[in-house]
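File shown here: run_16.cif, holding mmCIF, C-alpha atoms and all ligand atoms.
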data_my_file
#
loop_
_atom_site.label_atom_id
_atom_site.label_comp_id
_atom_site.auth_asym_id
_atom_site.auth_seq_id
_atom_site.Cartn_x
_atom_site.Cartn_y
_atom_site.Cartn_z
CA MET T 1 0.00 0.00 0.00
CA GLU T 2 1.19 3.53 -0.80
CA ALA T 3 2.52 5.10 2.41
CA ALA T 4 0.11 8.07 2.13
CA LEU T 5 -2.86 5.70 2.31
CA GLN T 6 -1.82 4.00 5.58
CA PRO T 7 -3.37 6.57 7.97
CA ILE T 8 -6.57 6.42 5.91
CA ALA T 9 -6.57 2.62 6.09
CA ASP T 10 -6.19 2.88 9.87
CA LYS T 11 -9.24 5.15 10.06
CA VAL T 12 -11.30 2.87 7.81
CA HIS T 13 -10.44 -0.17 9.94
CA ALA T 14 -11.32 1.76 13.10
CA GLY T 15 -14.65 2.89 11.57
CA GLU T 16 -13.65 6.57 11.74
CA ARG T 17 -14.90 9.28 9.41
CA LEU T 18 -12.55 10.43 6.64
CA SER T 19 -11.62 14.11 6.25
CA PHE T 20 -11.50 16.39 3.21
CA ASN T 21 -7.73 15.79 2.95
CA ASP T 22 -8.24 12.02 3.16
CA GLY T 23 -10.66 12.24 0.24
CA LEU T 24 -8.17 14.26 -1.77
CA THR T 25 -5.33 11.84 -0.98
CA LEU T 26 -7.50 8.93 -2.15
CA LEU T 27 -8.49 10.66 -5.39
CA LYS T 28 -4.88 11.60 -6.14
CA SER T 29 -3.47 8.17 -5.32
CA ARG T 30 -2.67 5.69 -8.08
CA ASP T 31 -2.94 2.68 -5.74
CA ILE T 32 -6.28 1.54 -7.11
CA TRP T 33 -6.04 -1.90 -5.48
CA ALA T 34 -5.55 -0.52 -1.99
CA ILE T 35 -8.43 1.95 -2.49
CA GLY T 36 -10.63 -0.85 -3.82
CA GLN T 37 -9.83 -3.08 -0.87
CA LEU T 38 -10.64 -0.36 1.64
CA ALA T 39 -13.96 0.35 -0.10
CA ASP T 40 -14.70 -3.37 -0.18
CA THR T 41 -14.10 -3.59 3.59
CA VAL T 42 -16.75 -0.93 4.19
CA ARG T 43 -19.10 -2.41 1.60
CA ARG T 44 -18.92 -5.88 3.20
CA ARG T 45 -19.41 -4.40 6.68
CA LEU T 46 -22.69 -2.89 5.47
CA HIS T 47 -23.97 -5.45 2.97
CA GLY T 48 -21.90 -8.62 3.31
CA ASN T 49 -22.05 -10.59 0.11
CA THR T 50 -25.25 -9.02 -1.18
CA ALA T 51 -25.51 -7.01 -4.40
CA TYR T 52 -28.80 -5.34 -5.29
CA TYR T 53 -30.60 -4.78 -8.56
CA ASN T 54 -34.18 -3.87 -9.37
CA VAL T 55 -36.67 -4.44 -12.13
CA ASN T 56 -37.34 -0.92 -13.28
CA ARG T 57 -38.21 1.25 -16.24
CA HIS T 58 -36.84 4.68 -17.01
CA LEU T 59 -39.11 7.15 -18.78
CA ASN T 60 -37.96 10.54 -20.09
CA TYR T 61 -41.26 12.36 -20.69
CA SER T 62 -39.82 15.28 -22.69
CA ASN T 63 -36.50 16.55 -24.01
CA VAL T 64 -37.72 20.14 -24.40
CA CYS T 65 -35.71 22.19 -21.92
CA ALA T 66 -35.38 25.84 -20.96
CA LEU T 67 -31.74 25.19 -19.97
CA SER T 68 -28.73 24.62 -22.25
CA CYS T 69 -26.24 22.73 -20.07
CA LYS T 70 -22.97 22.23 -21.90
CA PHE T 71 -22.56 18.60 -20.82
CA CYS T 72 -26.04 17.62 -22.02
CA SER T 73 -26.84 16.21 -25.47
CA PHE T 74 -30.46 15.45 -24.60
CA TYR T 75 -32.15 18.86 -24.64
CA ARG T 76 -34.05 20.38 -27.60
CA LYS T 77 -35.42 23.91 -27.86
CA GLN T 78 -38.94 25.15 -28.45
CA GLN T 79 -39.65 28.82 -29.23
CA PRO T 80 -42.70 30.74 -27.95
CA ASP T 81 -44.15 30.68 -31.52
CA GLY T 82 -44.13 26.87 -31.40
CA THR T 83 -41.18 26.26 -33.74
CA ARG T 84 -38.91 23.62 -32.33
CA ASP T 85 -35.70 21.71 -32.87
CA GLU T 86 -35.89 18.50 -34.82
CA GLY T 87 -36.46 15.57 -32.48
CA ALA T 88 -38.17 17.63 -29.76
CA TYR T 89 -40.88 15.58 -28.07
CA GLU T 90 -43.15 15.27 -25.08
CA PHE T 91 -45.21 12.21 -24.16
CA SER T 92 -48.93 12.50 -23.54
CA VAL T 93 -50.28 11.50 -20.13
CA GLU T 94 -52.12 8.62 -21.87
CA HIS T 95 -48.88 7.37 -23.42
CA ILE T 96 -47.13 7.51 -20.02
CA ALA T 97 -49.99 5.65 -18.29
CA LYS T 98 -49.86 2.97 -20.99
CA SER T 99 -46.09 2.60 -20.53
CA ALA T 100 -46.62 2.27 -16.77
CA ALA T 101 -49.23 -0.45 -17.26
CA GLU T 102 -46.89 -2.31 -19.61
CA ALA T 103 -43.99 -1.93 -17.17
CA ALA T 104 -46.07 -3.33 -14.30
CA ALA T 105 -47.32 -6.21 -16.47
CA GLY T 106 -43.67 -6.94 -17.34
CA GLY T 107 -42.80 -7.25 -13.63
CA ALA T 108 -41.32 -3.79 -12.97
CA THR T 109 -41.55 -2.50 -9.39
CA GLU T 110 -40.36 1.04 -10.14
CA MET T 111 -40.68 3.70 -12.79
CA HIS T 112 -37.95 6.36 -12.85
CA ILE T 113 -39.31 9.48 -14.57
CA VAL T 114 -37.34 12.62 -15.42
CA GLY T 115 -37.32 15.14 -18.25
CA GLY T 116 -36.25 18.60 -19.38
CA LEU T 117 -37.57 21.84 -17.89
CA HIS T 118 -40.40 22.19 -20.38
CA PRO T 119 -41.29 25.88 -20.68
CA TYR T 120 -44.89 25.34 -21.79
CA LEU T 121 -46.35 22.32 -19.98
CA PRO T 122 -48.62 23.31 -17.06
CA PHE T 123 -48.25 22.03 -13.48
CA ALA T 124 -51.40 19.92 -14.00
CA TYR T 125 -49.51 17.83 -16.60
CA TYR T 126 -47.23 16.53 -13.82
CA THR T 127 -49.96 15.79 -11.26
CA ASP T 128 -52.15 14.25 -13.99
CA MET T 129 -49.18 12.09 -15.03
CA LEU T 130 -48.74 10.80 -11.47
CA ARG T 131 -52.47 10.15 -10.98
CA ALA T 132 -52.74 8.37 -14.33
CA ILE T 133 -49.81 6.09 -13.45
CA ARG T 134 -51.37 5.40 -10.04
CA ALA T 135 -54.62 4.39 -11.75
CA ALA T 136 -52.94 2.30 -14.45
CA ALA T 137 -50.34 0.59 -12.23
CA PRO T 138 -51.18 1.04 -8.53
CA ARG T 139 -48.18 -0.96 -7.21
CA LEU T 140 -45.51 0.68 -9.34
CA HIS T 141 -43.29 2.95 -7.22
CA ILE T 142 -42.94 6.35 -8.91
CA LYS T 143 -39.45 7.77 -8.47
CA ALA T 144 -39.67 11.03 -10.36
CA PHE T 145 -38.40 14.57 -10.92
CA THR T 146 -34.93 15.77 -10.01
CA ALA T 147 -34.55 18.69 -7.61
CA VAL T 148 -34.08 20.89 -10.70
CA GLU T 149 -37.50 19.88 -12.02
CA ILE T 150 -39.07 20.36 -8.58
CA VAL T 151 -37.86 23.98 -8.49
CA HIS T 152 -39.20 24.46 -12.04
CA LEU T 153 -42.57 23.01 -10.96
CA ALA T 154 -42.62 25.37 -7.99
CA ARG T 155 -42.14 28.26 -10.43
CA ILE T 156 -44.83 27.18 -12.90
CA SER T 157 -47.28 26.51 -10.10
CA LYS T 158 -46.55 30.09 -8.96
CA ARG T 159 -45.18 28.95 -5.59
CA ALA T 160 -41.49 29.57 -6.14
CA ARG T 161 -40.80 29.76 -2.41
CA ASP T 162 -43.00 26.89 -1.40
CA ILE T 163 -40.96 23.80 -2.25
CA ALA T 164 -42.60 21.83 0.57
CA GLY T 165 -46.08 22.68 -0.77
CA VAL T 166 -45.22 21.52 -4.29
CA LEU T 167 -43.64 18.31 -3.01
CA SER T 168 -46.67 17.50 -0.91
CA ASP T 169 -49.01 18.07 -3.89
CA LEU T 170 -46.85 15.70 -5.94
CA LYS T 171 -46.72 13.18 -3.11
CA GLU T 172 -50.47 13.34 -2.76
CA ALA T 173 -50.78 12.66 -6.53
CA GLY T 174 -48.56 9.57 -6.26
CA LEU T 175 -44.89 10.58 -6.11
CA GLY T 176 -42.99 7.91 -4.16
CA SER T 177 -39.41 9.23 -3.98
CA LEU T 178 -36.90 11.57 -5.64
CA PRO T 179 -34.11 10.41 -7.96
CA GLY T 180 -30.62 11.81 -7.54
CA GLY T 181 -30.17 13.73 -10.78
CA GLY T 182 -29.35 17.37 -11.35
CA ALA T 183 -26.73 17.68 -8.61
CA GLU T 184 -23.84 17.71 -11.13
CA VAL T 185 -20.96 19.19 -9.07
CA PHE T 186 -21.66 21.46 -6.12
CA ASP T 187 -19.33 24.29 -7.09
CA ASP T 188 -20.14 27.79 -8.35
CA ARG T 189 -17.22 28.00 -10.82
CA VAL T 190 -18.15 24.70 -12.46
CA HIS T 191 -21.82 25.68 -12.33
CA ASP T 192 -21.26 28.98 -14.14
CA GLU T 193 -19.08 27.40 -16.78
CA ALA T 194 -20.94 24.17 -17.55
CA PHE T 195 -24.56 24.45 -16.42
CA LYS T 196 -25.34 28.12 -15.86
CA GLY T 197 -29.02 28.76 -15.26
CA LYS T 198 -29.51 25.52 -13.38
CA ILE T 199 -30.20 25.65 -9.64
CA ARG T 200 -27.11 25.82 -7.43
CA SER T 201 -26.15 23.46 -4.64
CA ASP T 202 -28.12 25.35 -1.98
CA MET T 203 -31.44 24.86 -3.82
CA TRP T 204 -30.66 21.23 -4.75
CA LEU T 205 -29.95 20.45 -1.11
CA LEU T 206 -33.00 22.40 0.07
CA VAL T 207 -35.34 20.36 -2.17
CA HIS T 208 -33.96 17.10 -0.75
CA HIS T 209 -34.14 18.49 2.79
CA GLU T 210 -37.84 19.33 2.31
CA ALA T 211 -38.47 15.95 0.69
CA HIS T 212 -36.86 14.15 3.64
CA LYS T 213 -38.99 16.16 6.07
CA LEU T 214 -42.09 14.99 4.18
CA GLY T 215 -40.98 11.36 4.42
CA LEU T 216 -39.77 10.98 0.84
CA MET T 217 -36.59 8.98 0.33
CA SER T 218 -34.14 10.33 -2.24
CA ASN T 219 -30.87 9.68 -4.05
CA ALA T 220 -27.90 11.85 -4.97
CA THR T 221 -25.57 11.98 -7.96
CA ILE T 222 -22.22 13.53 -8.82
CA LEU T 223 -21.33 14.09 -12.47
CA TYR T 224 -17.55 13.78 -12.78
CA GLY T 225 -14.83 13.78 -15.41
CA HIS T 226 -15.51 17.13 -17.14
CA ILE T 227 -14.18 20.49 -15.88
CA GLU T 228 -14.29 19.85 -12.14
CA SER T 229 -11.20 19.49 -9.91
CA PRO T 230 -10.50 16.72 -7.37
CA GLU T 231 -11.17 19.31 -4.65
CA ASP T 232 -14.63 19.96 -6.15
CA ARG T 233 -15.41 16.24 -6.04
CA VAL T 234 -14.41 15.88 -2.39
CA ASN T 235 -16.33 19.00 -1.46
CA HIS T 236 -19.42 17.55 -3.14
CA PHE T 237 -19.10 14.37 -1.06
CA ILE T 238 -18.76 16.35 2.14
CA MET T 239 -21.80 18.52 1.36
CA LEU T 240 -23.88 15.39 0.74
CA ARG T 241 -22.55 13.78 3.92
CA ASP T 242 -23.43 16.90 5.94
CA ALA T 243 -26.94 16.92 4.44
CA GLN T 244 -27.44 13.29 5.44
CA ASP T 245 -26.11 14.07 8.94
CA THR T 246 -28.83 16.72 9.21
CA ALA T 247 -31.57 14.30 8.13
CA ILE T 248 -30.34 11.79 10.73
CA ARG T 249 -29.83 14.35 13.52
CA GLU T 250 -33.24 15.95 12.94
CA ASN T 251 -34.79 12.51 12.61
CA HIS T 252 -36.47 13.18 9.28
CA PRO T 253 -38.71 10.39 8.08
CA GLY T 254 -36.93 10.49 4.69
CA ARG T 255 -33.20 10.10 3.97
CA PHE T 256 -30.70 9.76 1.17
CA GLN T 257 -30.52 6.11 0.19
CA THR T 258 -27.98 5.92 -2.62
CA VAL T 259 -25.29 7.92 -4.31
CA ILE T 260 -24.80 7.38 -8.03
CA PRO T 261 -21.49 8.71 -9.38
CA LEU T 262 -22.11 9.47 -13.09
CA PRO T 263 -19.15 9.51 -15.52
CA PHE T 264 -19.41 12.39 -17.98
CA ILE T 265 -20.13 11.10 -21.51
CA PRO T 266 -18.88 13.76 -23.96
CA ASP T 267 -20.57 12.52 -27.18
CA ASP T 268 -22.70 15.14 -28.96
CA SER T 269 -22.47 17.64 -26.09
CA GLU T 270 -20.90 21.12 -26.16
CA LEU T 271 -18.03 19.64 -24.12
CA GLU T 272 -17.42 16.97 -26.75
CA HIS T 273 -13.77 18.03 -27.02
CA LEU T 274 -13.12 16.71 -23.48
CA PRO T 275 -12.01 13.09 -23.19
CA GLY T 276 -14.33 12.04 -20.33
CA PRO T 277 -13.18 9.85 -17.44
CA THR T 278 -11.26 6.59 -17.87
CA GLY T 279 -12.19 3.20 -16.40
CA LEU T 280 -9.68 3.66 -13.59
CA ASP T 281 -11.20 7.02 -12.69
CA ASP T 282 -14.65 5.38 -12.67
CA LEU T 283 -13.53 2.66 -10.26
CA LYS T 284 -11.76 5.16 -8.05
CA MET T 285 -14.80 7.47 -7.88
CA LEU T 286 -17.09 4.60 -6.95
CA ALA T 287 -14.66 3.39 -4.28
CA VAL T 288 -14.02 6.87 -2.86
CA SER T 289 -17.79 7.51 -2.75
CA ARG T 290 -18.10 4.41 -0.55
CA LEU T 291 -15.30 5.60 1.70
CA MET T 292 -16.36 9.25 2.06
CA LEU T 293 -20.13 8.79 2.29
CA ASP T 294 -20.14 6.76 5.49
CA ASN T 295 -23.77 7.69 6.24
CA PHE T 296 -25.15 6.68 2.82
CA PRO T 297 -26.35 3.07 2.87
CA HIS T 298 -25.82 2.38 -0.84
CA ILE T 299 -23.45 3.11 -3.73
CA LYS T 300 -24.87 2.49 -7.17
CA ALA T 301 -23.07 1.92 -10.47
CA PHE T 302 -25.45 2.96 -13.26
CA TRP T 303 -24.51 0.43 -15.93
CA ILE T 304 -26.05 2.55 -18.69
CA MET T 305 -23.21 5.01 -18.15
CA GLN T 306 -20.53 2.87 -16.47
CA THR T 307 -21.14 -0.11 -18.81
CA LEU T 308 -22.23 -3.46 -17.41
CA GLU T 309 -18.68 -4.82 -17.62
CA LEU T 310 -17.24 -2.10 -15.39
CA SER T 311 -20.29 -2.16 -13.08
CA GLN T 312 -19.66 -5.86 -12.54
CA LEU T 313 -16.06 -5.18 -11.54
CA SER T 314 -17.09 -2.23 -9.38
CA LEU T 315 -18.93 -4.62 -7.04
CA GLN T 316 -15.44 -5.35 -5.67
CA PHE T 317 -14.72 -1.61 -5.37
CA GLY T 318 -17.43 -0.56 -2.92
CA VAL T 319 -20.55 -0.77 -5.09
CA ASP T 320 -23.53 -2.75 -3.77
CA ASP T 321 -26.19 -1.82 -6.35
CA ILE T 322 -26.16 -2.01 -10.16
CA ASP T 323 -29.50 -0.32 -10.89
CA GLY T 324 -31.92 -2.33 -12.99
CA THR T 325 -33.28 -3.53 -16.26
CA VAL T 326 -33.91 0.08 -17.47
CA VAL T 327 -35.24 -0.75 -21.02
CA TRP T 328 -35.47 2.77 -22.54
CA TYR T 329 -33.00 5.54 -21.76
CA ASP T 330 -32.74 8.77 -23.73
CA ILE T 331 -30.36 11.03 -21.79
CA THR T 332 -27.08 9.32 -22.68
CA LYS T 333 -26.23 6.55 -25.11
CA VAL T 334 -22.99 4.61 -25.14
CA GLY T 335 -21.95 3.07 -28.45
CA GLY T 336 -24.84 3.85 -30.76
CA SER T 337 -27.92 5.98 -31.11
CA ASP T 338 -30.69 3.54 -30.11
CA THR T 339 -32.52 4.51 -26.92
CA HIS T 340 -33.54 0.88 -26.30
CA GLN T 341 -31.02 -0.08 -23.62
CA GLU T 342 -32.11 -3.17 -21.75
CA VAL T 343 -30.50 -5.96 -19.80
CA THR T 344 -32.47 -8.97 -18.69
CA VAL T 345 -32.69 -10.05 -15.08
CA SER T 346 -30.69 -13.17 -15.87
CA THR T 347 -27.86 -11.10 -17.38
CA LEU T 348 -27.75 -8.89 -14.28
CA ARG T 349 -27.82 -11.88 -11.92
CA ARG T 350 -25.11 -13.66 -13.88
CA ALA T 351 -22.87 -10.58 -13.78
CA VAL T 352 -23.34 -10.32 -10.00
CA ARG T 353 -22.73 -14.03 -9.37
CA GLU T 354 -19.62 -14.11 -11.53
CA ALA T 355 -18.21 -11.23 -9.46
CA GLY T 356 -18.65 -13.40 -6.35
CA PHE T 357 -21.78 -11.78 -4.89
CA GLU T 358 -25.32 -12.87 -4.19
CA PRO T 359 -27.85 -11.04 -6.39
CA VAL T 360 -30.86 -9.72 -4.49
CA GLU T 361 -33.79 -8.07 -6.21
CA ARG T 362 -34.86 -5.01 -4.23
CA ASP T 363 -37.73 -2.57 -4.45
CA THR T 364 -37.10 1.19 -4.46
CA LEU T 365 -36.83 1.23 -0.65
CA TYR T 366 -34.29 -1.63 -0.63
CA ARG T 367 -36.72 -4.26 0.62
CA ARG T 368 -36.14 -7.74 -0.76
CA VAL T 369 -38.59 -8.58 -3.56
CA VAL T 370 -40.10 -12.03 -3.38
CA ARG T 371 -41.59 -13.30 -6.64
CA THR T 372 -44.19 -16.00 -7.04
CA GLY T 373 -45.00 -16.44 -10.72
CA ALA T 374 -46.03 -13.09 -12.17
CA ASP T 375 -46.79 -11.71 -8.68
CA TRP T 376 -44.34 -10.12 -6.23
CA HIS T 377 -44.22 -8.65 -2.75
CA SER T 378 -41.64 -6.77 -0.67
CA ALA T 379 -40.11 -8.36 2.41
CA ASP T 380 -38.91 -6.37 5.45
CA GLN T 381 -36.50 -3.51 4.93
CA LEU T 382 -33.08 -5.03 4.35
CA GLN T 383 -30.53 -2.45 5.29
CA THR T 384 -30.41 0.94 6.92
CA VAL T 385 -27.46 2.95 8.16
CA ASN T 386 -27.79 5.03 11.34
CA SER T 387 -31.55 4.71 11.24
O1 LIG T 401 -28.82 14.83 -13.83
C1 LIG T 401 -26.63 14.36 -18.36
C2 LIG T 401 -26.58 13.26 -16.08
C3 LIG T 401 -28.38 12.72 -14.86
C4 LIG T 401 -24.82 13.54 -19.18
O2 LIG T 401 -31.53 8.29 -8.66
C5 LIG T 401 -25.02 12.98 -17.93
O3 LIG T 401 -31.40 6.15 -8.93
C6 LIG T 401 -23.12 11.75 -18.13
O4 LIG T 401 -29.61 11.22 -12.25
N1 LIG T 401 -22.85 12.28 -19.34
C7 LIG T 401 -29.66 11.92 -14.89
N2 LIG T 401 -24.19 12.10 -17.41
C8 LIG T 401 -29.42 10.49 -14.45
C9 LIG T 401 -29.60 10.29 -12.99
C10 LIG T 401 -29.77 8.92 -12.42
C11 LIG T 401 -29.41 7.82 -13.17
C12 LIG T 401 -29.60 6.55 -12.62
C13 LIG T 401 -30.16 6.38 -11.39
C14 LIG T 401 -30.53 7.50 -10.65
C15 LIG T 401 -31.19 7.31 -9.33
C16 LIG T 401 -30.33 8.78 -11.17
O5 LIG T 401 -27.60 12.36 -15.98
C17 LIG T 401 -28.46 14.20 -14.99
C18 LIG T 401 -27.04 14.53 -15.38
O6 LIG T 401 -26.25 14.68 -14.24
N3 LIG T 401 -26.14 13.53 -17.44
N4 LIG T 401 -25.84 14.37 -19.44
C19 LIG T 401 -23.67 13.16 -19.90
N5 LIG T 401 -23.38 13.68 -21.10
#

Written as structure tokens, that's how I'd like the structure from this file.
Ligand code: V47
Amino acid sequence: MEAALQPIADKVHAGERLSFNDGLTLLKSRDIWAIGQLADTVRRRLHGNTAYYNVNRHLNYSNVCALSCKFCSFYRKQQPDGTRDEGAYEFSVEHIAKSAAEAAAGGATEMHIVGGLHPYLPFAYYTDMLRAIRAAAPRLHIKAFTAVEIVHLARISKRARDIAGVLSDLKEAGLGSLPGGGAEVFDDRVHDEAFKGKIRSDMWLLVHHEAHKLGLMSNATILYGHIESPEDRVNHFIMLRDAQDTAIRENHPGRFQTVIPLPFIPDDSELEHLPGPTGLDDLKMLAVSRLMLDNFPHIKAFWIMQTLELSQLSLQFGVDDIDGTVVWYDITKVGGSDTHQEVTVSTLRRAVREAGFEPVERDTLYRRVVRTGADWHSADQLQTVNS
């Protein structure tokens, strides 16, 4: 082991919290095996030999967006006179309800729904969407709308300062939890250069704080490998860790469940000239997430972006969750332009088993899913940290 990592290893073995400087030392180290082993120690302490996946569907209801983030290749523009970029779309509520019914019939337990900040859809579109899914597929958990969309919905419902009010309307209509998107990197310089116009870290964290107070679980992401520095990454981890400390200290009924480190994919974006992260950087980020975020129960590798091959390997680098079957995903595409991106349950399970872990199907709240024929139910909650 590199000498600089020894004091960090001592802390990890003693169950002590790592500092900002520890995080930076880990990110700057080239001793990937030592970092992986430390992350694996923590991962096994929390989850033993278990690796989670879920049977889910992603749905991106519209790519029309008021923002123009440089890292994003998904957004299309629509002008006030109705003219729009080629490929701009929005799904009707009927189409979304039909997709939900099909997802439930196909065994999905969760639908993950996000989209652009559509400048012309009314607030009722979002509550109607949730109610229609509820009616069409009552057991499907709806994980929807990033913090960025929630702030947009607060604006269009003319309650810009009432995030809690908007969240409770959405919850009442059927919202089950918040996904982790839109966090990018919590730093003003990076914000102004790469995703100006988007909410800043304070608003992103406020939305999750209000969601937790209302009893909604949520996730968090970090988008890395573009113009951020190692210091920015560590700072992001510490801000998330502090936010989770608050939820625990104040005994909120909701918490952060999972962090999903997302590798920047340059293709077709305004930052296409950047190389994007390498496989080693991916593994290191996943492992360092596990080590820094000691109060987050789960670390997820999103195979759509990390690839299934690297996600499989990452199970030995601190990851305990490899997302799900996905099926359709429009925001990023690796190796081709088709948005049909699906793995079967047997492929996921085989990948997990080959890596030496026991695959466990979970629902959105990390309860074990027990299947009998086409039917399923959730067993008791499997794992909580500091609950
Ligand atoms: O917020 C956009 C990112 C996110 C690119 O909560 C890009 O379980 C890489 O948040 N390269 C959406 N990333 C995805 C997301 C997510 C995914 C899986 C699971 C969960 C969860 C959440 O995708 C956006 C943005 O940060 N993104 N463009 C890109 N070129």

> How would you write, as a list in words, the set of residues no farther than 6 Å from ligand LIG 401 (chain T) when counting all atoms listed in the file?
Replying inline: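 Within the 6 Å cut-off, the matching residues are Phe71, Cys72, Pro179, Gly180, Gly181, Gly182, Glu184, Asn219, Thr221, Leu223, Leu262, Pro263, Phe264, Ile265, Pro266, Phe302 and Thr332 of chain T.
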
>> Under the rule that all atoms listed in the file are counted, which of T:Ser62, T:Ser177, T:Gln316, T:Asn295 is the nearest residue to Leu283 (chain T)?
In response: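 Of T:Ser62, T:Ser177, T:Gln316, T:Asn295, the one nearest Leu283 (chain T) is T:Gln316, counting all atoms listed in the file.
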
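Among the candidate residues T:Leu175, T:Val114, T:Ala97, T:Met1, the one lying nearest to Asn60 (chain T) is T:Val114, with distances computed using all atoms listed in the file.
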
>> Here's a test: counting only C-alpha atoms, identify every protein, DNA and RNA residue with an atom at most 8 Å from (-11.5, 15.8, -6.6) in the file's coordinate frame, and state them as an MDAnalysis selection string.
In response: chainID T and resid 23:24 27:28 228:235

> Which neighbours of Ile156 (chain T) fall inside 9 Å, counting all atoms listed in the file, when residues of the same chain fewer than 6 positions from it are skipped, and could you give them as a list in words?
Replying inline: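 Using all atoms listed in the file, the neighbours found are Pro119, Leu121, Pro122 and Phe123 of chain T.
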
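In this model, the gap between CA of Glu361 (chain T) and CA of His112 (chain T) comes to 16.4 Å.
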
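Taking all atoms listed in the file into account, Arg353 (chain T) lies nearest to T:Tyr52 out of the set T:Tyr52, T:Phe237, T:Phe20, T:Tyr120.
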
> Any idea what the distance is between CA of Ser314 (chain T) and CA of Ala104 (chain T)?
Replying inline: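 Computing it gives 29.4 Å between the two atoms.
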
>> Can you pull out the residues contacting Arg139 (chain T)? Cut-off 12 Å, using all atoms listed in the file, and skip same-chain residues under 4 positions away; I want them as a ChimeraX atom specification.
In response: /T:100-101,103-105,107-111,133-135,174,176,363-364,375-378

>> Given the point (-36.7, 23.0, -11.4) in the file's coordinates, find the residues that have an atom at most 12 Å from it, counting all atoms listed in the file, and give them as a VMD selection string.
In response: chain T and resid 65 to 67 114 to 119 123 145 to 157 159 to 161 163 166 to 167 181 to 183 197 to 200 203 to 204 207

Neighbours of Ile299 (chain T) within 7 Å (all atoms listed in the file; same-chain residues fewer than 3 positions away dropped), as a tab-separated table (two decimals) with C-alpha atoms, in the frame of the given file?
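Just written: out_31.tsv:
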chain	number	residue	atom	x	y	z
T	258	THR	CA	-27.98	5.92	-2.62
T	259	VAL	CA	-25.29	7.92	-4.31
T	260	ILE	CA	-24.80	7.38	-8.03
T	290	ARG	CA	-18.10	4.41	-0.55
T	319	VAL	CA	-20.55	-0.77	-5.09
T	320	ASP	CA	-23.53	-2.75	-3.77
T	321	ASP	CA	-26.19	-1.82	-6.35

>> Please determine, counting only C-alpha atoms, which residue among T:Asp294, T:Asp281, T:Asp85, T:Asp267 has the shortest atom-to-atom distance to Leu240 (chain T).
In response: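 Comparing T:Asp294, T:Asp281, T:Asp85, T:Asp267 against Leu240 (chain T), the winner is T:Asp294.
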
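Considering the residues T:Ser19, T:Thr339, T:Asn54, T:Ser92 and counting only C-alpha atoms, Thr325 (chain T) has its shortest atom-to-atom contact with T:Asn54.
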
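A straight line drawn from CA of Ser346 (chain T) to CA of His47 (chain T) is 21.4 Å long.
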
>> I'd like to know which of T:Leu130, T:Leu280, T:Val352, T:Ile113 is closest to Asn49 (chain T), using all atoms listed in the file.
In response: T:Val352

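Residues lying within 10 Å of Met217 (chain T), counting all atoms listed in the file and ignoring same-chain neighbours fewer than 3 positions away, are Lys143, Gly176, Ser177, Leu178, Pro179, His208, Ala211, His212, Lys213, Leu214, His252, Pro253, Gly254, Arg255, Phe256, Gln257, Thr258, Thr364 and Leu365 of chain T.
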
File dump, residues just selected, C-alpha atoms, as a JSON list (two decimals), in the frame of the given file:
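Here's the written file out-v8.json:
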[["chain", "number", "residue", "atom", "x", "y", "z"],
["T", 143, "LYS", "CA", -39.45, 7.77, -8.47],
["T", 176, "GLY", "CA", -42.99, 7.91, -4.16],
["T", 177, "SER", "CA", -39.41, 9.23, -3.98],
["T", 178, "LEU", "CA", -36.90, 11.57, -5.64],
["T", 179, "PRO", "CA", -34.11, 10.41, -7.96],
["T", 208, "HIS", "CA", -33.96, 17.10, -0.75],
["T", 211, "ALA", "CA", -38.47, 15.95, 0.69],
["T", 212, "HIS", "CA", -36.86, 14.15, 3.64],
["T", 213, "LYS", "CA", -38.99, 16.16, 6.07],
["T", 214, "LEU", "CA", -42.09, 14.99, 4.18],
["T", 252, "HIS", "CA", -36.47, 13.18, 9.28],
["T", 253, "PRO", "CA", -38.71, 10.39, 8.08],
["T", 254, "GLY", "CA", -36.93, 10.49, 4.69],
["T", 255, "ARG", "CA", -33.20, 10.10, 3.97],
["T", 256, "PHE", "CA", -30.70, 9.76, 1.17],
["T", 257, "GLN", "CA", -30.52, 6.11, 0.19],
["T", 258, "THR", "CA", -27.98, 5.92, -2.62],
["T", 364, "THR", "CA", -37.10, 1.19, -4.46],
["T", 365, "LEU", "CA", -36.83, 1.23, -0.65]]
